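work.cif, holding mmCIF, C-alpha atoms:
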```
data_coords
#
loop_
_atom_site.label_atom_id
_atom_site.label_comp_id
_atom_site.auth_asym_id
_atom_site.auth_seq_id
_atom_site.Cartn_x
_atom_site.Cartn_y
_atom_site.Cartn_z
CA MET A 1 0.00 0.00 0.00
CA LYS A 2 2.79 2.40 0.88
CA SER A 3 4.53 2.02 -2.51
CA ALA A 4 1.22 2.46 -4.34
CA GLU A 5 0.50 5.69 -2.44
CA ALA A 6 3.99 6.96 -3.21
CA SER A 7 3.49 6.39 -6.93
CA VAL A 8 0.18 8.25 -6.78
CA ASP A 9 1.74 11.27 -5.06
CA LYS A 10 4.39 11.63 -7.76
CA ARG A 11 1.76 11.82 -10.47
CA VAL A 12 -0.68 14.25 -8.83
CA PRO A 13 -1.58 17.08 -11.30
CA GLY A 14 -2.15 20.65 -10.22
CA THR A 15 -5.40 21.16 -8.33
CA SER A 16 -6.67 23.93 -10.59
CA GLU A 17 -5.86 22.01 -13.78
CA ARG A 18 -7.49 18.85 -12.45
CA ARG A 19 -10.68 20.69 -11.51
CA GLU A 20 -10.84 22.37 -14.91
CA GLN A 21 -10.60 18.93 -16.54
CA ILE A 22 -13.32 17.56 -14.27
CA ILE A 23 -15.56 20.43 -15.39
CA GLN A 24 -14.83 19.55 -19.01
CA ARG A 25 -15.87 15.95 -18.34
CA LEU A 26 -19.05 17.14 -16.65
CA ARG A 27 -19.90 19.28 -19.68
CA GLN A 28 -19.26 16.43 -22.09
CA GLN A 29 -20.80 13.57 -20.11
CA GLY A 30 -23.26 15.24 -17.74
CA SER A 31 -21.92 13.20 -14.82
CA VAL A 32 -18.69 11.78 -13.39
CA GLN A 33 -17.75 8.92 -11.07
CA VAL A 34 -15.31 9.27 -8.18
CA ASN A 35 -13.45 6.03 -8.89
CA ASP A 36 -13.08 6.82 -12.59
CA LEU A 37 -11.68 10.27 -11.84
CA ALA A 38 -9.29 8.94 -9.20
CA THR A 39 -7.90 6.48 -11.73
CA ALA A 40 -7.72 9.02 -14.55
CA PHE A 41 -5.88 11.64 -12.48
CA CYS A 42 -3.87 9.19 -10.36
CA VAL A 43 -5.07 10.66 -7.08
CA SER A 44 -6.99 9.29 -4.13
CA THR A 45 -10.77 9.14 -3.98
CA VAL A 46 -10.57 11.53 -1.02
CA THR A 47 -8.90 14.13 -3.26
CA ILE A 48 -11.60 13.70 -5.91
CA ARG A 49 -14.37 14.03 -3.32
CA ASN A 50 -12.76 17.26 -2.16
CA ASP A 51 -12.71 18.47 -5.77
CA LEU A 52 -16.38 17.65 -6.22
CA ALA A 53 -17.25 19.32 -2.92
CA PHE A 54 -15.48 22.45 -4.14
CA LEU A 55 -17.34 22.38 -7.47
CA GLU A 56 -20.63 21.88 -5.64
CA LYS A 57 -19.88 24.90 -3.45
CA GLN A 58 -19.24 26.90 -6.62
CA GLY A 59 -22.62 25.82 -7.99
CA ILE A 60 -21.07 23.91 -10.87
CA ALA A 61 -21.91 20.33 -9.83
CA VAL A 62 -24.28 18.44 -7.57
CA ARG A 63 -22.82 15.47 -5.76
CA ALA A 64 -24.59 12.14 -6.10
CA TYR A 65 -23.85 8.62 -4.87
CA GLY A 66 -20.41 7.65 -6.17
CA GLY A 67 -19.91 10.83 -8.19
CA ALA A 68 -21.51 14.08 -9.28
CA LEU A 69 -23.92 15.56 -11.85
CA ILE A 70 -23.53 18.83 -13.66
CA CYS A 71 -25.66 21.65 -12.29
CA ASP A 72 -27.51 23.13 -15.26
CA SER A 73 -28.40 26.43 -13.60
CA HIS A 74 -24.76 27.33 -12.98
CA THR A 75 -22.94 25.55 -15.77
CA PRO A 76 -20.08 27.76 -16.97
CA SER A 77 -19.78 27.70 -20.73
CA THR A 78 -16.52 27.03 -22.50
CA GLU A 79 -14.61 30.22 -23.06
CA PRO A 80 -15.10 31.69 -26.54
CA SER A 81 -12.33 33.54 -28.33
CA VAL A 82 -12.17 37.34 -28.54
CA GLU A 83 -13.31 37.10 -32.16
CA ASP A 84 -16.38 35.09 -31.12
CA LYS A 85 -17.18 37.44 -28.24
CA SER A 86 -16.81 40.55 -30.39
CA SER A 87 -19.65 39.42 -32.66
CA LEU A 88 -22.12 39.02 -29.77
CA ASN A 89 -24.46 41.82 -28.58
CA ILE A 90 -22.45 44.54 -30.36
CA ALA A 91 -25.14 47.23 -30.07
CA LEU A 92 -25.63 46.52 -26.36
CA LYS A 93 -21.90 46.54 -25.64
CA ARG A 94 -21.58 49.90 -27.36
CA SER A 95 -24.46 51.30 -25.31
CA ILE A 96 -22.81 50.11 -22.11
CA ALA A 97 -19.47 51.51 -23.30
CA ARG A 98 -20.97 54.96 -23.97
CA VAL A 99 -22.19 55.18 -20.39
CA ALA A 100 -18.84 53.97 -19.08
CA ALA A 101 -16.79 56.36 -21.21
CA GLU A 102 -18.78 59.32 -19.90
CA LEU A 103 -17.47 58.55 -16.40
CA ILE A 104 -13.88 59.21 -17.50
CA GLN A 105 -12.91 62.84 -16.99
CA PRO A 106 -9.69 64.81 -17.59
CA GLY A 107 -7.10 63.94 -14.98
CA HIS A 108 -8.44 60.44 -14.40
CA ARG A 109 -6.20 57.39 -14.19
CA VAL A 110 -8.03 54.27 -15.30
CA ILE A 111 -7.51 50.55 -15.88
CA LEU A 112 -9.26 48.88 -18.79
CA ASP A 113 -9.40 45.13 -18.37
CA SER A 114 -9.04 43.02 -21.50
CA GLY A 115 -12.31 42.18 -23.20
CA THR A 116 -14.75 43.18 -25.91
CA THR A 117 -16.82 45.64 -23.86
CA THR A 118 -13.70 47.42 -22.60
CA PHE A 119 -12.52 47.50 -26.21
CA GLU A 120 -15.67 49.46 -27.05
CA ILE A 121 -14.91 51.86 -24.18
CA ALA A 122 -11.40 52.37 -25.58
CA ARG A 123 -12.82 53.15 -29.03
CA LEU A 124 -14.82 56.00 -27.47
CA MET A 125 -11.81 57.55 -25.74
CA ARG A 126 -10.37 59.16 -28.88
CA GLN A 127 -11.77 62.53 -27.83
CA HIS A 128 -10.62 62.24 -24.22
CA SER A 129 -7.72 64.32 -22.95
CA ASP A 130 -5.37 64.31 -19.98
CA VAL A 131 -6.17 60.66 -19.16
CA ILE A 132 -3.79 57.86 -18.21
CA ALA A 133 -5.00 54.37 -19.12
CA MET A 134 -3.41 51.03 -18.35
CA THR A 135 -4.55 47.77 -19.93
CA ASN A 136 -3.56 44.13 -20.23
CA GLY A 137 -5.52 43.73 -23.47
CA MET A 138 -3.90 43.88 -26.91
CA ASN A 139 -7.21 44.76 -28.55
CA VAL A 140 -7.83 47.53 -26.02
CA ALA A 141 -4.33 48.96 -26.53
CA ASN A 142 -4.81 48.96 -30.30
CA ALA A 143 -8.06 50.87 -29.93
CA LEU A 144 -6.28 53.51 -27.82
CA LEU A 145 -3.54 54.13 -30.39
CA GLU A 146 -5.63 56.88 -31.99
CA ALA A 147 -6.49 58.50 -28.65
CA GLU A 148 -3.80 61.16 -28.62
CA GLY A 149 -5.02 62.64 -25.34
CA VAL A 150 -4.62 59.32 -23.52
CA GLU A 151 -1.28 58.21 -22.13
CA LEU A 152 -1.20 54.46 -22.66
CA LEU A 153 0.45 52.01 -20.27
CA MET A 154 0.54 48.24 -20.73
CA THR A 155 1.05 45.60 -18.07
CA GLY A 156 3.27 43.34 -20.17
CA GLY A 157 3.57 39.70 -19.21
CA HIS A 158 2.74 36.44 -20.95
CA LEU A 159 0.33 36.65 -23.88
CA ARG A 160 -2.79 34.50 -23.69
CA ARG A 161 -3.90 34.28 -27.31
CA GLN A 162 -7.42 33.03 -26.58
CA SER A 163 -8.28 36.33 -24.92
CA GLN A 164 -5.56 38.53 -26.48
CA SER A 165 -4.54 39.48 -22.96
CA PHE A 166 -1.37 39.51 -20.89
CA TYR A 167 -1.06 37.82 -17.50
CA GLY A 168 1.50 36.48 -15.03
CA ASP A 169 3.94 37.83 -12.44
CA GLN A 170 5.22 40.61 -14.67
CA ALA A 171 1.70 41.85 -15.35
CA GLU A 172 0.81 41.76 -11.65
CA GLN A 173 4.02 43.46 -10.54
CA SER A 174 3.56 46.25 -13.08
CA LEU A 175 0.52 47.40 -11.11
CA GLN A 176 2.05 47.54 -7.66
CA ASN A 177 3.50 51.06 -7.89
CA TYR A 178 0.34 52.69 -9.24
CA HIS A 179 -2.93 53.98 -7.89
CA PHE A 180 -5.91 54.35 -10.23
CA ASP A 181 -9.18 56.22 -9.94
CA MET A 182 -11.25 53.49 -11.53
CA LEU A 183 -11.14 50.02 -13.03
CA PHE A 184 -13.46 48.94 -15.82
CA LEU A 185 -13.81 45.19 -15.37
CA GLY A 186 -15.46 42.77 -17.78
CA VAL A 187 -16.72 39.49 -16.32
CA ASP A 188 -17.49 35.94 -17.45
CA ALA A 189 -19.96 35.30 -14.63
CA ILE A 190 -21.48 37.07 -11.65
CA ASP A 191 -23.54 35.71 -8.77
CA LEU A 192 -24.66 37.63 -5.69
CA GLU A 193 -23.38 34.97 -3.29
CA ARG A 194 -20.39 33.60 -5.21
CA GLY A 195 -19.14 36.92 -6.52
CA VAL A 196 -17.46 37.78 -9.80
CA SER A 197 -15.61 34.92 -11.50
CA THR A 198 -13.79 33.98 -14.68
CA HIS A 199 -12.65 30.90 -16.60
CA ASN A 200 -8.92 31.40 -16.22
CA GLU A 201 -6.93 31.30 -12.98
CA ASP A 202 -4.16 33.65 -14.17
CA GLU A 203 -6.62 36.28 -15.35
CA ALA A 204 -8.54 36.03 -12.08
CA ARG A 205 -5.35 36.67 -10.12
CA LEU A 206 -4.44 39.68 -12.27
CA ASN A 207 -7.99 41.04 -12.01
CA ARG A 208 -7.81 40.78 -8.22
CA ARG A 209 -4.60 42.83 -8.29
CA MET A 210 -6.32 45.43 -10.47
CA CYS A 211 -9.12 45.68 -7.93
CA GLU A 212 -6.59 46.27 -5.15
CA VAL A 213 -5.04 49.32 -6.85
CA ALA A 214 -8.27 50.97 -8.06
CA GLU A 215 -10.31 53.42 -6.01
CA ARG A 216 -13.52 52.45 -7.78
CA ILE A 217 -14.42 49.09 -9.36
CA ILE A 218 -16.85 49.41 -12.26
CA VAL A 219 -18.18 46.17 -13.76
CA VAL A 220 -19.36 46.38 -17.38
CA THR A 221 -21.45 43.41 -18.42
CA ASP A 222 -24.65 42.26 -20.07
CA SER A 223 -27.45 40.61 -18.13
CA SER A 224 -26.69 37.11 -19.48
CA LYS A 225 -23.70 36.86 -17.13
CA PHE A 226 -25.86 36.94 -13.99
CA ASN A 227 -26.66 33.89 -11.86
CA ARG A 228 -23.68 32.09 -13.34
CA SER A 229 -20.41 31.00 -11.78
CA SER A 230 -17.01 30.19 -13.27
CA LEU A 231 -14.28 28.31 -11.45
CA HIS A 232 -11.96 31.17 -10.49
CA LYS A 233 -13.30 33.89 -8.22
CA ILE A 234 -12.11 37.48 -8.66
CA ILE A 235 -13.89 39.42 -5.90
CA ASP A 236 -16.97 39.28 -3.70
CA THR A 237 -19.99 41.12 -5.07
CA PRO A 238 -20.14 43.80 -2.30
CA ARG A 239 -16.69 45.06 -3.35
CA ILE A 240 -18.14 46.33 -6.64
CA HIS A 241 -18.89 50.06 -6.61
CA THR A 242 -20.85 50.31 -9.86
CA ILE A 243 -22.33 47.89 -12.40
CA ILE A 244 -23.33 49.08 -15.86
CA VAL A 245 -25.74 46.50 -17.27
CA ASP A 246 -28.75 46.23 -19.55
CA GLU A 247 -32.36 46.20 -18.37
CA GLY A 248 -32.55 42.43 -18.82
CA ILE A 249 -30.87 41.88 -15.45
CA PRO A 250 -32.99 39.52 -13.30
CA ASP A 251 -35.17 41.39 -10.80
CA GLU A 252 -33.77 39.46 -7.84
CA SER A 253 -30.22 40.31 -8.90
CA LEU A 254 -31.06 44.00 -9.30
CA GLU A 255 -32.73 44.13 -5.90
CA GLY A 256 -29.90 42.17 -4.29
CA LEU A 257 -27.21 44.43 -5.70
CA ARG A 258 -28.95 47.54 -4.45
CA LYS A 259 -29.34 46.01 -0.99
CA LEU A 260 -25.58 45.39 -1.00
CA GLY A 261 -25.00 49.07 -1.74
CA VAL A 262 -23.83 48.51 -5.32
CA GLU A 263 -24.76 51.32 -7.72
CA VAL A 264 -26.56 49.85 -10.74
CA VAL A 265 -26.71 51.85 -13.97
CA LEU A 266 -29.28 50.37 -16.36
CA VAL A 267 -28.85 50.61 -20.12
CA LYS A 268 -31.77 50.05 -22.47
CA GLN A 269 -31.66 46.82 -24.43
CA GLN A 270 -31.22 47.25 -28.16
#
```

Translate the structure of the given file into structure tokens.
Amino acid sequence: MKSAEASVDKRVPGTSERREQIIQRLRQQGSVQVNDLATAFCVSTVTIRNDLAFLEKQGIAVRAYGGALICDSHTPSTEPSVEDKSSLNIALKRSIARVAAELIQPGHRVILDSGTTTFEIARLMRQHSDVIAMTNGMNVANALLEAEGVELLMTGGHLRRQSQSFYGDQAEQSLQNYHFDMLFLGVDAIDLERGVSTHNEDEARLNRRMCEVAERIIVVTDSSKFNRSSLHKIIDTPRIHTIIVDEGIPDESLEGLRKLGVEVVLVKQQ
């Protein structure tokens, strides 16, 4: 038994990677078995049960005898590319971006997270002046090239092609000596209890660092992202100062946000 346990320990994958793969199996199969997962990942059944307990807490799975079932109401979708995202809800994203861009005044220092909605904000900043903007998004930076009144800073770091964004230690460290007036944060999922979350662990960590150095956290999102949860949490919902969202936001979410003291700016659906 001792030698068998030792061989298992040597082959244990990273916790985050293993849980991401379990989610993929849940999406593909609808259910998973503890024993099958323990064999596939060369870990103990106790480790797998802990993984499933974590996913259940996140609202992604529901544990059943010997395994778990996917939870339809909180199933996180696979992450689409920037190109795919950019073709979705264009008119709505531009409406949200117009409201967001109006908040940026001369003298402001802002962070624009990578994403398609923040890209639309950047496109509207060509007439802004005396603004400093930092971003980790290649697409956002490209949109700001024509904004002569905006001083552009980039985080640097490792490029993640799927999202056209930079991440990693270099990106996180580049933020530590700055203080910003506001952060415009795009999200993959938001839930009142589970907070704001995203598909990628590295991006979640960088987003958390952005939140730490910004005076005001402004979430820009459409209503489809509500009552969903991705694996990697960024911040708790009460830490958000303002959410700019369309009128399709669920009533219970709108009421809950306002009870938490979050300012909600509603944009008409196109």

Set out as CSV a contact list for region 215-250 of chain A and region 118-136 of chain A with a cut-off of 12 Å, giving each residue of region 215-250 of chain A that qualifies its closest atom pair and distance in Å to one decimal, counting only C-alpha atoms, ordered by chain and rising residue number.
```
residue,atom,partner,partner_atom,distance
A:Ile218,CA,A:Thr118,CA,11.0
A:Val219,CA,A:Thr118,CA,10.0
A:Val220,CA,A:Thr118,CA,7.8
A:Thr221,CA,A:Thr118,CA,9.7
A:Ile244,CA,A:Thr118,CA,11.9
```

Box dimensions and centre (Å, one decimal) enclosing region 151-154 of chain A, axis-aligned, 8 Å extra per side, as lines of an AutoDock Vina configuration file:
```
center_x = -0.4
center_y = 53.2
center_z = -21.5
size_x = 17.8
size_y = 26.0
size_z = 18.4
```

query = Mind telling me what the PyMOL selection byres ((chain A and resi 25-38) around 7) catches here, as a list in words?
reply = Gln21, Ile22, Ile23, Gln24, Thr39, Ala40, Phe41, Cys42, Val43, Ser44, Thr45, Ile48, Arg49, Gly66, Gly67, Ala68, Leu69 and Ile70 of chain A

Picked residues, the PyMOL selection byres ((chain A and resi 246-262) around 10), expected as number ranges by chain = A: 92-93, 95-96, 190-193, 218, 220-227, 237-245, 263-270

Test item: the PyMOL selection byres ((chain A and resi 54) around 12) resolved as a PyMOL selection string = chain A and resi 15-16+19-20+22-23+47-53+55-63+68+231-232

Could you save the residues just selected, with C-alpha atoms, as a PDB file, keeping the file's coordinate frame?
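So the final result, stored in result30.pdb, reads:
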```pdb
ATOM      1  CA  THR A  15      -5.400  21.160  -8.330  1.00  0.00           C
ATOM      2  CA  SER A  16      -6.670  23.930 -10.590  1.00  0.00           C
ATOM      3  CA  ARG A  19     -10.680  20.690 -11.510  1.00  0.00           C
ATOM      4  CA  GLU A  20     -10.840  22.370 -14.910  1.00  0.00           C
ATOM      5  CA  ILE A  22     -13.320  17.560 -14.270  1.00  0.00           C
ATOM      6  CA  ILE A  23     -15.560  20.430 -15.390  1.00  0.00           C
ATOM      7  CA  THR A  47      -8.900  14.130  -3.260  1.00  0.00           C
ATOM      8  CA  ILE A  48     -11.600  13.700  -5.910  1.00  0.00           C
ATOM      9  CA  ARG A  49     -14.370  14.030  -3.320  1.00  0.00           C
ATOM     10  CA  ASN A  50     -12.760  17.260  -2.160  1.00  0.00           C
ATOM     11  CA  ASP A  51     -12.710  18.470  -5.770  1.00  0.00           C
ATOM     12  CA  LEU A  52     -16.380  17.650  -6.220  1.00  0.00           C
ATOM     13  CA  ALA A  53     -17.250  19.320  -2.920  1.00  0.00           C
ATOM     14  CA  LEU A  55     -17.340  22.380  -7.470  1.00  0.00           C
ATOM     15  CA  GLU A  56     -20.630  21.880  -5.640  1.00  0.00           C
ATOM     16  CA  LYS A  57     -19.880  24.900  -3.450  1.00  0.00           C
ATOM     17  CA  GLN A  58     -19.240  26.900  -6.620  1.00  0.00           C
ATOM     18  CA  GLY A  59     -22.620  25.820  -7.990  1.00  0.00           C
ATOM     19  CA  ILE A  60     -21.070  23.910 -10.870  1.00  0.00           C
ATOM     20  CA  ALA A  61     -21.910  20.330  -9.830  1.00  0.00           C
ATOM     21  CA  VAL A  62     -24.280  18.440  -7.570  1.00  0.00           C
ATOM     22  CA  ARG A  63     -22.820  15.470  -5.760  1.00  0.00           C
ATOM     23  CA  ALA A  68     -21.510  14.080  -9.280  1.00  0.00           C
ATOM     24  CA  LEU A 231     -14.280  28.310 -11.450  1.00  0.00           C
ATOM     25  CA  HIS A 232     -11.960  31.170 -10.490  1.00  0.00           C
TER      26      HIS A 232
END
```

query = Any idea what the distance is between CA of Thr116 (chain A) and CA of Cys71 (chain A)?
reply = 27.7 Å

query = What is the distance between CA of Ser165 (chain A) and CA of Ile90 (chain A), in Å to one decimal?
reply =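 Answer for the CA of Ser165 (chain A) to CA of Ile90 (chain A) separation: 20.0 Å.
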
query = Between A:Gly14, A:Gly156, A:Gly186, A:Gly115, which has the minimum distance to Glu201 (chain A) (counting only C-alpha atoms)?
reply = A:Gly14

inquiry  = Which residues are close to Asp236 (chain A), i.e. within 7 Å by all atoms listed in the file, leaving aside same-chain residues fewer than 4 positions away? Reply as a VMD selection string.
reply    = chain A and resid 194 to 196

Write the residues you've just listed into a file as a PDB file, keeping the file's coordinate frame, and include C-alpha atoms for each of them.
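Contents of the output file part30.pdb:
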```
ATOM      1  CA  ARG A 194     -20.390  33.600  -5.210  1.00  0.00           C
ATOM      2  CA  GLY A 195     -19.140  36.920  -6.520  1.00  0.00           C
ATOM      3  CA  VAL A 196     -17.460  37.780  -9.800  1.00  0.00           C
TER       4      VAL A 196
END
```

Residues of region 202-250 of chain A within 6 Å of region 169-183 of chain A: nearest atom pair and distance (Å, one decimal) for each, counting only C-alpha atoms, sorted by chain and number, as a Markdown table?
```
| residue | atom | partner | partner_atom | distance |
| --- | --- | --- | --- | --- |
| A:Leu206 | CA | A:Glu172 | CA | 5.7 |
| A:Val213 | CA | A:His179 | CA | 5.2 |
| A:Ala214 | CA | A:Phe180 | CA | 4.7 |
| A:Glu215 | CA | A:Asp181 | CA | 5.0 |
| A:Arg216 | CA | A:Met182 | CA | 4.5 |
| A:Ile217 | CA | A:Leu183 | CA | 5.0 |
| A:Ile218 | CA | A:Leu183 | CA | 5.8 |
```

request  = Could you check which of A:Gln164, A:Ser114, A:Gln105, A:Ser197 is closest to Val150 (chain A), using all atoms listed in the file?
outcome  =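 Under the stated criterion, the closest residue is A:Gln105.
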
inquiry  = Please determine, counting only C-alpha atoms, which residue among A:Pro13, A:Met138, A:Ser229, A:Asp188 has the shortest atom-to-atom distance to Arg161 (chain A).
reply    =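 Checking each candidate against Arg161 (chain A), we get A:Met138 as the closest.
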
Please return region 116-132 of chain A, rebuilt to N, CA, C and O atoms, as a compact mmCIF listing (two decimals), keeping the file's coordinate frame.
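Saved result, selection_3.txt, follows:
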```txt
# COMPACT_ATOMS: atom_id res chain seq x y z
N THR A 116 -14.10 42.54 -24.77
CA THR A 116 -14.75 43.18 -25.91
C THR A 116 -15.54 44.42 -25.51
O THR A 116 -15.64 45.37 -26.29
N THR A 117 -16.10 44.44 -24.30
CA THR A 117 -16.82 45.64 -23.86
C THR A 117 -15.84 46.75 -23.53
O THR A 117 -16.06 47.91 -23.87
N THR A 118 -14.72 46.41 -22.88
CA THR A 118 -13.70 47.42 -22.60
C THR A 118 -13.05 47.92 -23.89
O THR A 118 -12.62 49.06 -23.97
N PHE A 119 -12.99 47.06 -24.90
CA PHE A 119 -12.52 47.50 -26.21
C PHE A 119 -13.42 48.60 -26.76
O PHE A 119 -12.94 49.60 -27.32
N GLU A 120 -14.73 48.44 -26.58
CA GLU A 120 -15.67 49.46 -27.05
C GLU A 120 -15.50 50.76 -26.26
O GLU A 120 -15.66 51.85 -26.81
N ILE A 121 -15.19 50.65 -24.97
CA ILE A 121 -14.91 51.86 -24.18
C ILE A 121 -13.69 52.57 -24.76
O ILE A 121 -13.68 53.80 -24.94
N ALA A 122 -12.64 51.79 -25.04
CA ALA A 122 -11.40 52.37 -25.58
C ALA A 122 -11.65 53.08 -26.89
O ALA A 122 -11.07 54.15 -27.16
N ARG A 123 -12.51 52.52 -27.74
CA ARG A 123 -12.82 53.15 -29.03
C ARG A 123 -13.44 54.53 -28.84
O ARG A 123 -13.27 55.41 -29.70
N LEU A 124 -14.14 54.73 -27.73
CA LEU A 124 -14.82 56.00 -27.47
C LEU A 124 -13.94 57.02 -26.76
O LEU A 124 -14.39 58.13 -26.48
N MET A 125 -12.70 56.66 -26.49
CA MET A 125 -11.81 57.55 -25.74
C MET A 125 -10.93 58.39 -26.66
O MET A 125 -10.01 59.07 -26.19
N ARG A 126 -11.21 58.40 -27.95
CA ARG A 126 -10.37 59.16 -28.88
C ARG A 126 -10.48 60.66 -28.67
O ARG A 126 -9.58 61.41 -29.05
N GLN A 127 -11.58 61.11 -28.08
CA GLN A 127 -11.77 62.53 -27.83
C GLN A 127 -11.41 62.90 -26.39
O GLN A 127 -11.50 64.08 -26.03
N HIS A 128 -11.00 61.95 -25.59
CA HIS A 128 -10.62 62.24 -24.22
C HIS A 128 -9.25 62.91 -24.17
O HIS A 128 -8.42 62.72 -25.07
N SER A 129 -9.03 63.66 -23.12
CA SER A 129 -7.72 64.32 -22.95
C SER A 129 -7.28 64.24 -21.50
O SER A 129 -8.11 64.11 -20.59
N ASP A 130 -5.97 64.31 -21.31
CA ASP A 130 -5.37 64.31 -19.98
C ASP A 130 -5.82 63.09 -19.17
O ASP A 130 -6.18 63.19 -18.00
N VAL A 131 -5.79 61.92 -19.80
CA VAL A 131 -6.17 60.66 -19.16
C VAL A 131 -5.00 59.68 -19.26
O VAL A 131 -4.33 59.61 -20.29
N ILE A 132 -4.76 58.95 -18.19
CA ILE A 132 -3.79 57.86 -18.21
C ILE A 132 -4.57 56.54 -18.16
O ILE A 132 -5.42 56.37 -17.29
```
